[in-house]
Amino acid sequence: MSQAKVTMNVRKIGDKASIVDIQGEVNASAENALMDAYTQTSSGGARAIILNFGGLEYMNSSGIGLLVTLLIRVNRQKQRLLAFGLSEHYRQIFELTRLNEAIRIYENEADALAAVN
Amino acid sequence: MSTTPTQPQDTGTTGVSPTPRDAAYWAKPVDKLKVSDVPSGALNLNVEGKHVVGPLQGFGQLWQKTYRVRLAGATGAPADVVKVWKEKLPAFMPADSRFYPSITGIQPGEVVLINANLPGVPMPVSTGVMILYADDVSFTVMTPEGHPESGFNTFSAFEEDGVTVAQIQSLARANDPIYEFGFRFMGGAKQQEKIWRHVLTTLAAHFNVAAQVDMTKTCVDARLQWSQARNVWHNAIIRTTLNTPGRLARRLFKR
């Protein structure tokens, strides 16, 4: 497998939410980074996990698979998964793969946080 | 297939930005599937007009199954292996599970028709898949409504410790309760595993490698999605069976 070319920075927003800023490439090699970020958000007690795709540079179908497995984990913990910062291209991929039916997509961080609150 | 997209893209929210590197690899958004040409010998039912469905839309337990074969001693790099895989996919399938790519081949957005024998079903079932994603080292198919599974199958190759590894990874659940029963209690899951082992073994043989296929599986979501039970309306087994008498009659009267 190729080396991960992604960083995921976790920001805790109040008691309820955490934002994961994704910068780089989301493919199979991003699995550890994504799941580590999720563990950080959960250990902080977040009930809503918000993915910021503003820095997304590349995503393949394995990356979509990772998001599916993350979503299942989030649902199992009765948490919510939201997203913002998707370009039109990645919005279309979310629609094509029907991820948009399970992950609410917002224009920007403020809108996503307003939905959580 | 173009691999170097250059057209600028209006993102709608952040102004004009360069087209992402992956843009050429993804299928264009589709509402319903369209079969542009039907390869000779293929039965085309249960694909035209269907929506695609992913791992979130099906009924049964969600499984991730990974099959791998190490092509030790083969000279092919990952891109060479996937190039051959795309070109010869039908030849790598077992005789009772026929794949019919379009003339265009394995390209994003294209439909591959499938005529397959399923356990307990007396006639070949007609279905298909859409090529969701295809780059130089992988391609992924996504299933339509009515297909036995709802999800993705990714065929890829990569290098590990200096050896090219060919891999098939599925992330899918049974599409409806009938299929879930078939996978669990009528040998469907075993047959599926047998098919992908056959594909990897045949691919390895093409590169003059006789190697064992390793498989790992994880139940990602053990819950049944009862809200999706109505998917049975699209069930390809039922629809192929119901279509058969009419199809045979039409063939008879054509003579």
# chains A, B, ... in the order shown; residues from 1 in each chain; ligands from 1
>>> residues_around(residues="Val52 of chain B", least_positions_apart="2", cutoff="7 Å", atoms="only C-alpha atoms", output="tab-separated table (two decimals) with N, CA and C atoms, in the first residue's frame")
chain	number	residue	atom	x	y	z
B	50	LYS	N	-32.40	1.25	-13.80
B	50	LYS	CA	-32.24	1.04	-12.34
B	50	LYS	C	-31.33	2.12	-11.74
B	54	GLY	N	-25.47	1.56	-3.01
B	54	GLY	CA	-24.20	1.34	-2.33
B	54	GLY	C	-24.36	0.58	-1.03
B	142	MET	N	-20.10	-0.64	-8.91
B	142	MET	CA	-21.20	-0.36	-7.99
B	142	MET	C	-22.44	-1.06	-8.53
B	143	THR	N	-23.24	-1.58	-7.64
B	143	THR	CA	-24.33	-2.45	-8.05
B	143	THR	C	-25.63	-1.68	-8.30
B	144	PRO	N	-26.52	-2.25	-9.11
B	144	PRO	CA	-27.83	-1.62	-9.30
B	144	PRO	C	-28.89	-2.24	-8.37
B	145	GLU	N	-30.02	-1.61	-8.28
B	145	GLU	CA	-31.17	-2.20	-7.59
B	145	GLU	C	-31.43	-3.59	-8.18
>>> select_by_dssp(residues="segment 50-243 of chain B", states="alpha helix (DSSP H)", output="PyMOL selection string")
chain B and resi 78-92+177-185+188-206+236-243
>>> write_last_selection(atoms="N, CA and C atoms", output="short mmCIF file (atom, residue, chain, number, x, y, z; two decimals), in the first residue's frame")
data_model
loop_
_atom_site.label_atom_id
_atom_site.label_comp_id
_atom_site.auth_asym_id
_atom_site.auth_seq_id
_atom_site.Cartn_x
_atom_site.Cartn_y
_atom_site.Cartn_z
N PRO B 78 2.07 -3.07 -10.70
CA PRO B 78 0.62 -2.97 -10.43
C PRO B 78 -0.19 -2.45 -11.62
N ALA B 79 0.31 -1.42 -12.30
CA ALA B 79 -0.44 -0.86 -13.43
C ALA B 79 -0.54 -1.88 -14.58
N ASP B 80 0.51 -2.68 -14.77
CA ASP B 80 0.47 -3.71 -15.83
C ASP B 80 -0.59 -4.76 -15.50
N VAL B 81 -0.65 -5.14 -14.22
CA VAL B 81 -1.61 -6.17 -13.79
C VAL B 81 -3.03 -5.66 -14.00
N VAL B 82 -3.29 -4.42 -13.59
CA VAL B 82 -4.66 -3.89 -13.71
C VAL B 82 -5.03 -3.68 -15.17
N LYS B 83 -4.06 -3.32 -15.99
CA LYS B 83 -4.33 -3.16 -17.42
C LYS B 83 -4.83 -4.49 -18.01
N VAL B 84 -4.13 -5.58 -17.68
CA VAL B 84 -4.53 -6.90 -18.16
C VAL B 84 -5.90 -7.29 -17.57
N TRP B 85 -6.08 -6.97 -16.30
CA TRP B 85 -7.33 -7.31 -15.61
C TRP B 85 -8.54 -6.65 -16.31
N LYS B 86 -8.35 -5.37 -16.66
CA LYS B 86 -9.44 -4.65 -17.34
C LYS B 86 -9.72 -5.26 -18.70
N GLU B 87 -8.65 -5.60 -19.41
CA GLU B 87 -8.81 -6.09 -20.78
C GLU B 87 -9.41 -7.50 -20.82
N LYS B 88 -9.06 -8.32 -19.83
CA LYS B 88 -9.43 -9.73 -19.90
C LYS B 88 -10.38 -10.14 -18.77
N LEU B 89 -11.08 -9.19 -18.20
CA LEU B 89 -11.95 -9.51 -17.07
C LEU B 89 -12.91 -10.69 -17.36
N PRO B 90 -13.61 -10.69 -18.50
CA PRO B 90 -14.53 -11.81 -18.75
C PRO B 90 -13.82 -13.17 -18.76
N ALA B 91 -12.59 -13.20 -19.26
CA ALA B 91 -11.85 -14.47 -19.34
C ALA B 91 -11.43 -14.98 -17.97
N PHE B 92 -11.32 -14.08 -17.01
CA PHE B 92 -10.91 -14.49 -15.66
C PHE B 92 -12.09 -14.97 -14.82
N PRO B 177 -34.20 -9.22 1.59
CA PRO B 177 -34.27 -10.39 2.49
C PRO B 177 -34.07 -11.73 1.80
N ILE B 178 -34.52 -11.84 0.55
CA ILE B 178 -34.34 -13.12 -0.16
C ILE B 178 -32.85 -13.39 -0.39
N TYR B 179 -32.16 -12.37 -0.83
CA TYR B 179 -30.72 -12.54 -1.05
C TYR B 179 -29.99 -12.80 0.27
N GLU B 180 -30.41 -12.13 1.35
CA GLU B 180 -29.76 -12.35 2.64
C GLU B 180 -29.90 -13.81 3.06
N PHE B 181 -31.11 -14.35 2.85
CA PHE B 181 -31.34 -15.77 3.16
C PHE B 181 -30.43 -16.64 2.29
N GLY B 182 -30.35 -16.29 1.02
CA GLY B 182 -29.51 -17.06 0.09
C GLY B 182 -28.04 -17.04 0.47
N PHE B 183 -27.55 -15.86 0.84
CA PHE B 183 -26.14 -15.75 1.23
C PHE B 183 -25.85 -16.56 2.48
N ARG B 184 -26.79 -16.51 3.44
CA ARG B 184 -26.52 -17.16 4.73
C ARG B 184 -26.77 -18.65 4.73
N PHE B 185 -27.87 -19.06 4.08
CA PHE B 185 -28.33 -20.44 4.26
C PHE B 185 -28.34 -21.29 2.99
N GLY B 188 -24.82 -18.99 -0.88
CA GLY B 188 -24.51 -17.81 -1.70
C GLY B 188 -23.17 -17.19 -1.33
N ALA B 189 -22.90 -17.05 -0.04
CA ALA B 189 -21.64 -16.43 0.39
C ALA B 189 -20.45 -17.28 -0.03
N LYS B 190 -20.60 -18.58 0.12
CA LYS B 190 -19.50 -19.50 -0.27
C LYS B 190 -19.24 -19.43 -1.78
N GLN B 191 -20.35 -19.38 -2.53
CA GLN B 191 -20.19 -19.32 -3.98
C GLN B 191 -19.49 -18.02 -4.40
N GLN B 192 -19.88 -16.94 -3.73
CA GLN B 192 -19.26 -15.64 -4.03
C GLN B 192 -17.75 -15.69 -3.76
N GLU B 193 -17.39 -16.29 -2.63
CA GLU B 193 -15.96 -16.40 -2.28
C GLU B 193 -15.22 -17.25 -3.30
N LYS B 194 -15.90 -18.30 -3.75
CA LYS B 194 -15.30 -19.18 -4.76
C LYS B 194 -15.04 -18.42 -6.07
N ILE B 195 -15.99 -17.57 -6.44
CA ILE B 195 -15.85 -16.79 -7.68
C ILE B 195 -14.63 -15.89 -7.61
N TRP B 196 -14.48 -15.15 -6.51
CA TRP B 196 -13.37 -14.19 -6.45
C TRP B 196 -12.02 -14.91 -6.29
N ARG B 197 -12.02 -16.05 -5.62
CA ARG B 197 -10.79 -16.84 -5.55
C ARG B 197 -10.40 -17.32 -6.96
N HIS B 198 -11.42 -17.74 -7.72
CA HIS B 198 -11.17 -18.19 -9.09
C HIS B 198 -10.56 -17.06 -9.93
N VAL B 199 -11.14 -15.87 -9.80
CA VAL B 199 -10.66 -14.72 -10.59
C VAL B 199 -9.19 -14.44 -10.27
N LEU B 200 -8.85 -14.42 -8.99
CA LEU B 200 -7.46 -14.11 -8.62
C LEU B 200 -6.49 -15.23 -9.02
N THR B 201 -6.96 -16.46 -8.88
CA THR B 201 -6.11 -17.59 -9.28
C THR B 201 -5.83 -17.55 -10.78
N THR B 202 -6.87 -17.25 -11.56
CA THR B 202 -6.72 -17.20 -13.02
C THR B 202 -5.85 -16.01 -13.44
N LEU B 203 -6.04 -14.89 -12.75
CA LEU B 203 -5.20 -13.72 -13.02
C LEU B 203 -3.73 -14.04 -12.73
N ALA B 204 -3.49 -14.70 -11.60
CA ALA B 204 -2.11 -15.07 -11.24
C ALA B 204 -1.53 -16.02 -12.29
N ALA B 205 -2.36 -16.97 -12.74
CA ALA B 205 -1.89 -17.93 -13.74
C ALA B 205 -1.50 -17.21 -15.03
N HIS B 206 -2.23 -16.15 -15.36
CA HIS B 206 -1.89 -15.37 -16.55
C HIS B 206 -0.46 -14.83 -16.45
N ALA B 236 -33.54 -9.36 -8.94
CA ALA B 236 -33.21 -9.81 -10.31
C ALA B 236 -33.56 -11.27 -10.53
N ILE B 237 -33.52 -12.10 -9.49
CA ILE B 237 -33.89 -13.52 -9.66
C ILE B 237 -35.38 -13.59 -10.03
N ILE B 238 -36.19 -12.91 -9.25
CA ILE B 238 -37.64 -12.95 -9.49
C ILE B 238 -37.96 -12.37 -10.86
N ARG B 239 -37.32 -11.25 -11.18
CA ARG B 239 -37.65 -10.59 -12.45
C ARG B 239 -37.15 -11.39 -13.66
N THR B 240 -35.98 -12.02 -13.51
CA THR B 240 -35.49 -12.85 -14.62
C THR B 240 -36.41 -14.05 -14.81
N THR B 241 -36.86 -14.65 -13.68
CA THR B 241 -37.74 -15.81 -13.75
C THR B 241 -39.07 -15.44 -14.40
N LEU B 242 -39.63 -14.30 -13.98
CA LEU B 242 -40.92 -13.89 -14.53
C LEU B 242 -40.80 -13.54 -16.00
N ASN B 243 -39.65 -13.06 -16.41
CA ASN B 243 -39.45 -12.64 -17.79
C ASN B 243 -39.24 -13.82 -18.74
#
>>> residues_around(residues="segment 93-102 of chain A", least_positions_apart="5", cutoff="9 Å", atoms="only C-alpha atoms", output="list in words")
Ile64, Leu67, Val68, Leu71, Leu81, Leu82 and Glu88 of chain A; Trp26, Ala27, Lys28, Pro29, Val30, Asp31, Val52, Val53, Gly54, Pro55, Leu56, Gln57, Leu132 and Met142 of chain B
>>> write_last_selection(atoms="N, CA and C atoms", output="mmCIF file, in the first residue's frame")
data_model
loop_
_atom_site.group_PDB
_atom_site.id
_atom_site.type_symbol
_atom_site.label_atom_id
_atom_site.label_comp_id
_atom_site.auth_asym_id
_atom_site.auth_seq_id
_atom_site.Cartn_x
_atom_site.Cartn_y
_atom_site.Cartn_z
ATOM 1 N N ILE A 64 -13.982 6.485 -0.354
ATOM 2 C CA ILE A 64 -15.435 6.458 -0.106
ATOM 3 C C ILE A 64 -15.769 5.286 0.816
ATOM 4 N N LEU A 67 -15.153 6.180 4.351
ATOM 5 C CA LEU A 67 -16.201 7.032 4.910
ATOM 6 C C LEU A 67 -17.439 6.212 5.285
ATOM 7 N N VAL A 68 -17.714 5.172 4.490
ATOM 8 C CA VAL A 68 -18.844 4.283 4.821
ATOM 9 C C VAL A 68 -18.595 3.584 6.157
ATOM 10 N N LEU A 71 -18.908 5.981 8.979
ATOM 11 C CA LEU A 71 -20.318 6.290 9.230
ATOM 12 C C LEU A 71 -20.995 5.205 10.077
ATOM 13 N N LEU A 81 -22.740 12.275 11.901
ATOM 14 C CA LEU A 81 -21.631 12.617 11.006
ATOM 15 C C LEU A 81 -22.113 13.675 10.008
ATOM 16 N N LEU A 82 -21.419 14.784 9.966
ATOM 17 C CA LEU A 82 -21.761 15.875 9.062
ATOM 18 C C LEU A 82 -20.520 16.245 8.245
ATOM 19 N N GLU A 88 -17.753 21.118 -5.777
ATOM 20 C CA GLU A 88 -18.848 20.577 -6.585
ATOM 21 C C GLU A 88 -18.516 19.153 -7.052
ATOM 22 N N TRP B 26 -13.678 9.066 -12.079
ATOM 23 C CA TRP B 26 -15.013 8.793 -11.536
ATOM 24 C C TRP B 26 -16.071 8.788 -12.630
ATOM 25 N N ALA B 27 -17.086 7.963 -12.455
ATOM 26 C CA ALA B 27 -18.252 8.019 -13.345
ATOM 27 C C ALA B 27 -18.944 9.359 -13.161
ATOM 28 N N LYS B 28 -19.581 9.816 -14.214
ATOM 29 C CA LYS B 28 -20.383 11.036 -14.109
ATOM 30 C C LYS B 28 -21.667 10.704 -13.339
ATOM 31 N N PRO B 29 -22.232 11.702 -12.666
ATOM 32 C CA PRO B 29 -23.472 11.431 -11.924
ATOM 33 C C PRO B 29 -24.560 10.889 -12.846
ATOM 34 N N VAL B 30 -25.245 9.849 -12.377
ATOM 35 C CA VAL B 30 -26.332 9.268 -13.166
ATOM 36 C C VAL B 30 -27.568 9.147 -12.288
ATOM 37 N N ASP B 31 -28.720 9.382 -12.891
ATOM 38 C CA ASP B 31 -29.952 9.144 -12.154
ATOM 39 C C ASP B 31 -30.301 7.664 -12.276
ATOM 40 N N VAL B 52 -28.317 3.063 -9.048
ATOM 41 C CA VAL B 52 -27.226 2.340 -8.394
ATOM 42 C C VAL B 52 -27.442 2.400 -6.879
ATOM 43 N N VAL B 53 -26.957 1.353 -6.210
ATOM 44 C CA VAL B 53 -27.102 1.290 -4.751
ATOM 45 C C VAL B 53 -25.750 0.931 -4.127
ATOM 46 N N GLY B 54 -25.467 1.558 -3.005
ATOM 47 C CA GLY B 54 -24.195 1.344 -2.329
ATOM 48 C C GLY B 54 -24.357 0.578 -1.028
ATOM 49 N N PRO B 55 -23.309 0.549 -0.219
ATOM 50 C CA PRO B 55 -23.353 -0.229 1.031
ATOM 51 C C PRO B 55 -24.395 0.290 2.025
ATOM 52 N N LEU B 56 -24.858 1.510 1.831
ATOM 53 C CA LEU B 56 -25.822 2.071 2.790
ATOM 54 C C LEU B 56 -27.263 1.753 2.421
ATOM 55 N N GLN B 57 -27.505 1.298 1.186
ATOM 56 C CA GLN B 57 -28.889 1.142 0.729
ATOM 57 C C GLN B 57 -29.434 -0.283 0.851
ATOM 58 N N LEU B 132 -17.815 2.438 -11.339
ATOM 59 C CA LEU B 132 -17.898 3.668 -10.544
ATOM 60 C C LEU B 132 -16.616 4.473 -10.655
ATOM 61 N N MET B 142 -20.099 -0.644 -8.914
ATOM 62 C CA MET B 142 -21.201 -0.362 -7.988
ATOM 63 C C MET B 142 -22.437 -1.059 -8.527
#
>>> select_by_dssp(residues="segment 3-122 of chain B", states="strand (DSSP E or B)", output="PyMOL selection string")
chain B and resi 8-10+16-18+26+52-53+62-70+97-100+111-116
>>> residues_around(residues="Ala166 of chain B", least_positions_apart="2", cutoff="7 Å", atoms="only C-alpha atoms", output="list in words")
Arg68, Val69, Arg70, Ser156, Ala157, Phe158 and Thr164 of chain B
>>> closest_atom_pairs(of="chain A", to="chain B", cutoff="12 Å", atoms="only C-alpha atoms", output="CSV")
residue,atom,partner,partner_atom,distance
A:Met1,CA,B:Phe158,CA,6.0
A:Ser2,CA,B:Phe158,CA,7.9
A:Gln3,CA,B:Glu159,CA,11.4
A:Gly24,CA,B:Pro20,CA,11.7
A:Glu25,CA,B:Asp22,CA,10.3
A:Val26,CA,B:Asp22,CA,11.0
A:Asn27,CA,B:Asp22,CA,11.2
A:Ala28,CA,B:Gln169,CA,11.2
A:Ser29,CA,B:Phe158,CA,11.6
A:Gly54,CA,B:Thr14,CA,9.7
A:Gly55,CA,B:Pro20,CA,11.6
A:Leu56,CA,B:Pro20,CA,9.3
A:Glu57,CA,B:Pro20,CA,6.7
A:Tyr58,CA,B:Asp22,CA,6.0
A:Met59,CA,B:Asp22,CA,6.7
A:Asn60,CA,B:Asp22,CA,7.0
A:Ser61,CA,B:Tyr133,CA,6.4
A:Ser62,CA,B:Thr154,CA,7.8
A:Gly63,CA,B:Tyr133,CA,11.4
A:Ile64,CA,B:Phe152,CA,9.8
A:Gly65,CA,B:Leu171,CA,7.2
A:Leu66,CA,B:Leu171,CA,10.0
A:Leu67,CA,B:Pro55,CA,10.9
A:Val68,CA,B:Pro55,CA,7.4
A:Thr69,CA,B:Val220,CA,6.8
A:Leu70,CA,B:Val220,CA,9.8
A:Leu71,CA,B:Leu56,CA,9.5
A:Ile72,CA,B:Asp221,CA,6.7
A:Arg73,CA,B:Val220,CA,8.4
A:Val74,CA,B:Asp221,CA,11.4
A:Asn75,CA,B:Asp221,CA,10.0
A:Arg76,CA,B:Asp221,CA,8.7
A:Phe84,CA,B:Thr13,CA,11.1
A:Gly85,CA,B:Thr13,CA,8.7
A:Leu86,CA,B:Thr11,CA,8.9
A:Ser87,CA,B:Thr11,CA,5.4
A:Glu88,CA,B:Thr11,CA,4.9
A:His89,CA,B:Thr11,CA,7.3
A:Tyr90,CA,B:Ala23,CA,9.1
A:Arg91,CA,B:Thr11,CA,9.7
A:Gln92,CA,B:Pro29,CA,6.3
A:Ile93,CA,B:Pro29,CA,7.3
A:Phe94,CA,B:Pro29,CA,9.6
A:Glu95,CA,B:Pro29,CA,7.4
A:Leu96,CA,B:Pro29,CA,5.4
A:Thr97,CA,B:Gly54,CA,6.2
A:Arg98,CA,B:Gly54,CA,6.7
A:Leu99,CA,B:Leu56,CA,7.6
A:Asn100,CA,B:Leu56,CA,10.3
A:Glu101,CA,B:Leu56,CA,8.6
A:Ala102,CA,B:Leu56,CA,7.8
A:Ile103,CA,B:Leu56,CA,10.8
A:Tyr106,CA,B:Thr13,CA,11.1
A:Glu107,CA,B:Thr13,CA,7.6
A:Asn108,CA,B:Thr13,CA,9.3
>>> closest_residue(among="B:Ala77, B:Met123, B:Pro101, B:Ile114", to="Val137 of chain B", atoms="only C-alpha atoms")
B:Ala77
>>> residues_around(residues="segment 32-46 of chain A", least_positions_apart="3", cutoff="8 Å", atoms="only C-alpha atoms", output="list of chain:residue names")
A:Val6, A:Thr7, A:Met8, A:Asn9, A:Val10, A:Lys12, A:Asp15, A:Lys16, A:Ala17, A:Ser18, A:Ile19, A:Val20, A:Ser29, A:Ile49, A:Leu70, A:Gln79
>>> write_last_selection(atoms="C-alpha atoms", output="mmCIF file, in the first residue's frame")
data_model
loop_
_atom_site.group_PDB
_atom_site.id
_atom_site.type_symbol
_atom_site.label_atom_id
_atom_site.label_comp_id
_atom_site.auth_asym_id
_atom_site.auth_seq_id
_atom_site.Cartn_x
_atom_site.Cartn_y
_atom_site.Cartn_z
ATOM 1 C CA VAL A 6 -3.103 13.153 4.431
ATOM 2 C CA THR A 7 -3.259 14.995 7.725
ATOM 3 C CA MET A 8 -6.339 15.120 9.918
ATOM 4 C CA ASN A 9 -6.439 17.795 12.566
ATOM 5 C CA VAL A 10 -9.123 17.509 15.244
ATOM 6 C CA LYS A 12 -13.068 20.345 19.689
ATOM 7 C CA ASP A 15 -19.036 19.977 24.433
ATOM 8 C CA LYS A 16 -21.048 18.610 21.558
ATOM 9 C CA ALA A 17 -18.946 18.675 18.426
ATOM 10 C CA SER A 18 -15.528 18.072 16.963
ATOM 11 C CA ILE A 19 -14.311 19.092 13.544
ATOM 12 C CA VAL A 20 -11.832 16.975 11.584
ATOM 13 C CA SER A 29 -3.750 4.561 3.068
ATOM 14 C CA ILE A 49 -18.355 14.657 14.166
ATOM 15 C CA LEU A 70 -16.627 5.514 9.620
ATOM 16 C CA GLN A 79 -23.309 10.046 17.109
#
>>> closest_residue(among="B:Leu71, B:Met186, B:Leu248, B:Met215", to="Pro119 of chain B", atoms="only C-alpha atoms")
B:Met186
>>> atom_distance(atom1="atom CA of Asp21 of chain A", atom2="atom CA of Glu109 of chain A")
10.6 Å
>>> closest_residue(among="B:Gly49, B:Pro245, B:Asn235, B:Ala174", to="Ser126 of chain B", atoms="only C-alpha atoms")
B:Asn235
>>> atom_distance(atom1="atom CA of Asp96 of chain B", atom2="atom CA of Val125 of chain B")
10.3 Å
